[in-house]
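Q: Structure incoming, see below.
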Amino acid sequence: RPPRSTLFPYTTLFRSPLPPPVYAQEQEEDQVLLPERVELAPRFQPSESGPEVTFAGEASDGKRIEVSAQQVVRAWQSGSHAVEGVDGGLAWLPQDWLERHGPILEQFVAAREAGGGKLPQWARPTAAALYQALDAPPPPELAGLVPLIDGFTAIPPATLPAGLNAVLRDYQRQGVDWLCLLRDAGIGALLADDMGLGKTLQTLCAITGRTLVIAPTSTLPNWAAELARFRPDLRVSLYHGPKRSLDAAADVTLTSYAVLRLDREALAADTWDTLVLDEAQAIKEPSTATAAAAFSLPARWRVAMSGTPVENRLTELWSLSHFCNPGLLGGRKDFITRHARRIEAGQPRAAAELQAKIRPFMLRRRKSEVARELPARTDLILRCTLDPQERAVYDSLRLATHAELASRLAAGLDTIEALELLLRLRQAACHLALVPGQQATRSSKQDLLLEHLSEHTGAGHRALVFSQWTSLLDLVGAALEAAELPYVRLDGRTLDRGEVVARFQAQDGPPVMLVSLRAGGTGLNLTAADYVYLLDPWWNPAVEDQAADRSHRIGQERPVFVHRVVAEHTVEEKILELHARKRALADAAIEGVSGTALTREDLLELLQ
């Protein structure tokens, strides 16, 4: 919304400019007499879909001016201080009231228009808030939603499932109460707690009726195990594999995003009572087939679970919100214009407006806030120095990449393609054997890693080693074998993930686990480890945090140390600076901190 002028915008109210209004009783004959200043005030009539709001004012001669809520919102959005009534009379907007309650009225009007005059389910908390703004008690069908707009205070306790086999922590019980309130109102929920706080358990306490859970393939065994543990009374069916078939009698059906894309029509044939997306950032790109399939599934209640609702850009939050509550944030293009661009430009008011819209429907708690019993997590930068041969190769690659990147950015190359150009440079910072045309049996980074692993495992600690490249894991695995350090490995080629995890988690399990960032970054409980090594920094800090939290989660009893292994004076150091910017962007939308966008100048700076 543009800033409102403190001056009366005459040219926006009349077809031709007029002089300032004069209210003196005696005026010269040739002076123009403008209409009396009439102040508007909100009026309403209760209805099943929320208050029917108009704005009215009365002149001293008894003439009444009435204006629709839509007219008031449009005038307020444009920065006008007055509006013309249906009979041609001029009236002034209630500026004080609009400053306090304008965003609520704006969202209510937009929701009614989007619903063709009917109020969408997700807009019912907005209707309850509007009643409060009008100093009127909401009707009984809306009164129960008031806690959603009052900071989640006084949410009524939900009835837990009779077959539940779990003891909930206080914050988990609060999350279940919130989920059930939204469930009973038919309003979608985005559960965005930090990784490791028990989003799965909270959701299992709230699901009802015939439920479909869509999750990454790697997490399906974990879902089956959690259901058997916490809700043993439910009949669970796995819809996966070449001979899959839907079990109509199952209480919970588990499937993957890959199957969702393939079997979209079969899964959309019936309306599900509950639809759950685990690791919902899988639909962060709304134009993908996966997102389109998820949007199309009919369900009475929708839940999206994600510890990282914003990873790279704010349109990811739009996509998750659109899945939960279509229309909540408007159309995608409108969202980009009204929210994303302004927040990325660092406008705090835009961030506050977005937070107000999503607050009733998104619950996010940090570990530091609600799980104080968890041992500390310490994040460290482990720096290594490239040897002369590695430095020579890296510097030659840097010069070549800088020239190509500058040329292609000038030709209109987009950010994602530009980041891909830096691939070889990042690999050269890890191990020369990853670079085409180069040969090496060791690397400075690998030597430093083995030195630390030998020291920590010798003292009884256990470690996770993550890399985005399985080829780098191959090289590290060979070095571990040469050093006679036992390990297990989990990547996209691992057939029995559950067995590998069980071996590592066992009390007498191997001290090291090699994990590919893509295959093992989500859905695993690896609390046997108290040391984590991230060998190659990824562009997205949220992905790294997900990997680190495989160890730092409920069930961990020892302090966790997360090491990011970084080669000095390389692009990896610049990536760490990029991490800070991406975290600021996510916080801007969710927690009110100003964010900044990644520019082309930033990309070139990565190569300096």
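The chains in the structure tokens are called A, B, ... from first to last as shown; in each chain the residues are counted from 1, and the ligands are counted from 1 in the order shown.
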With only C-alpha atoms as the counted atoms, please give the residues lying no more than 12 Å from region 494-503 of chain A, apart from itself and same-chain residues fewer than 4 positions off, as a count of residues only.
A: 36
Q: Neighbouring residues of His322 (chain A) were defined as those with any atom within 12 Å, considering only C-alpha atoms; residues of the same chain fewer than 3 positions away were excluded. Please report them as an NGL selection string.
A: :A and (122 or 187-190 or 280 or 283-286 or 291-292 or 294-296 or 302-304 or 315-319 or 325-332 or 335 or 358 or 361)
Q: Can you pull out every residue within 8 Å of Trp539 (chain A), counting only C-alpha atoms, but drop anything in the same chain fewer than 6 positions away, and send it as number ranges by chain?
A: A: 575, 578-579
Q: So how many Å separate CA of Arg43 (chain A) and CA of Phe55 (chain A), to one decimal?
A: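 Interatomic distance here is 5.6 Å.
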Q: Check the smallest atom-to-atom distance from each of A:Val370, A:Ala128, A:Phe44, A:Trp272 to Arg173 (chain A) using only C-alpha atoms, then report the winner.
A: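 Looking only at the distances to Arg173 (chain A), the closest residue turns out to be A:Val370.
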Q: Write down as a PyMOL selection string the residues belonging to region 346-473 of chain A that are assigned strand (DSSP E or B) by DSSP computed on the backbone.
A: chain A and resi 362-363+377-384+463-467
Q: Can you check which residues of region 447-540 of chain A DSSP gives as helix (DSSP H, G or I) on the backbone and send them as a ChimeraX atom specification?
A: /A:447-458,470-482,497-505,517-520
Q: Using only C-alpha atoms, which protein or nucleic acid residues come within 10 Å of Leu142 (chain A)? Drop anything in the same chain fewer than 5 positions from it, and give the result as a list in words.
A: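 Contacts, with the query itself left out: Glu48, Ser49, Gly50, Arg124, Pro125, Thr126, Ala127, Ala128, Ala129, Tyr131, Pro137 and Ala185 of chain A.
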Q: Would you compute the distance between CA of Ala340 (chain A) and CA of Ser287 (chain A)? Give it in Å to one decimal.
A: 17.0 Å
Q: Which is closest to Ala547 (chain A) among A:Val465, A:Ala478, A:Leu40, A:Ala268, if we use only C-alpha atoms?
A: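 Looking only at the distances to Ala547 (chain A), the closest residue turns out to be A:Val465.
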Q: Nearest to Gly186 (chain A) among A:Arg377, A:Arg391, A:His240, A:Arg300, with distances taken over only C-alpha atoms: which residue is it?
A: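 Ranked by minimum distance to Gly186 (chain A), first place goes to A:Arg300.
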Q: Can you tell me which residues surround Glu113 (chain A) at a distance of at most 12 Å, considering only C-alpha atoms, apart from same-chain residues fewer than 4 positions away, and format the answer as a PyMOL selection string?
A: chain A and resi 69-70+106-109+117-120+123+327+330
Q: Which one is closest to Phe152 (chain A): A:Leu182, A:Val571, A:Leu397, A:Ala133? Count only C-alpha atoms.
A: A:Leu182
Q: Ala59 (chain A): which residues within 12 Å, counting only C-alpha atoms, same-chain residues fewer than 3 positions away excluded, as a PyMOL selection string?
A: chain A and resi 35-40+56+62-66+89-92
Q: In Å to one decimal, how far is CA of Ala463 (chain A) from CA of Leu450 (chain A)?
A: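 Going from CA of Leu450 (chain A) over to CA of Ala463 (chain A), I get 11.4 Å.
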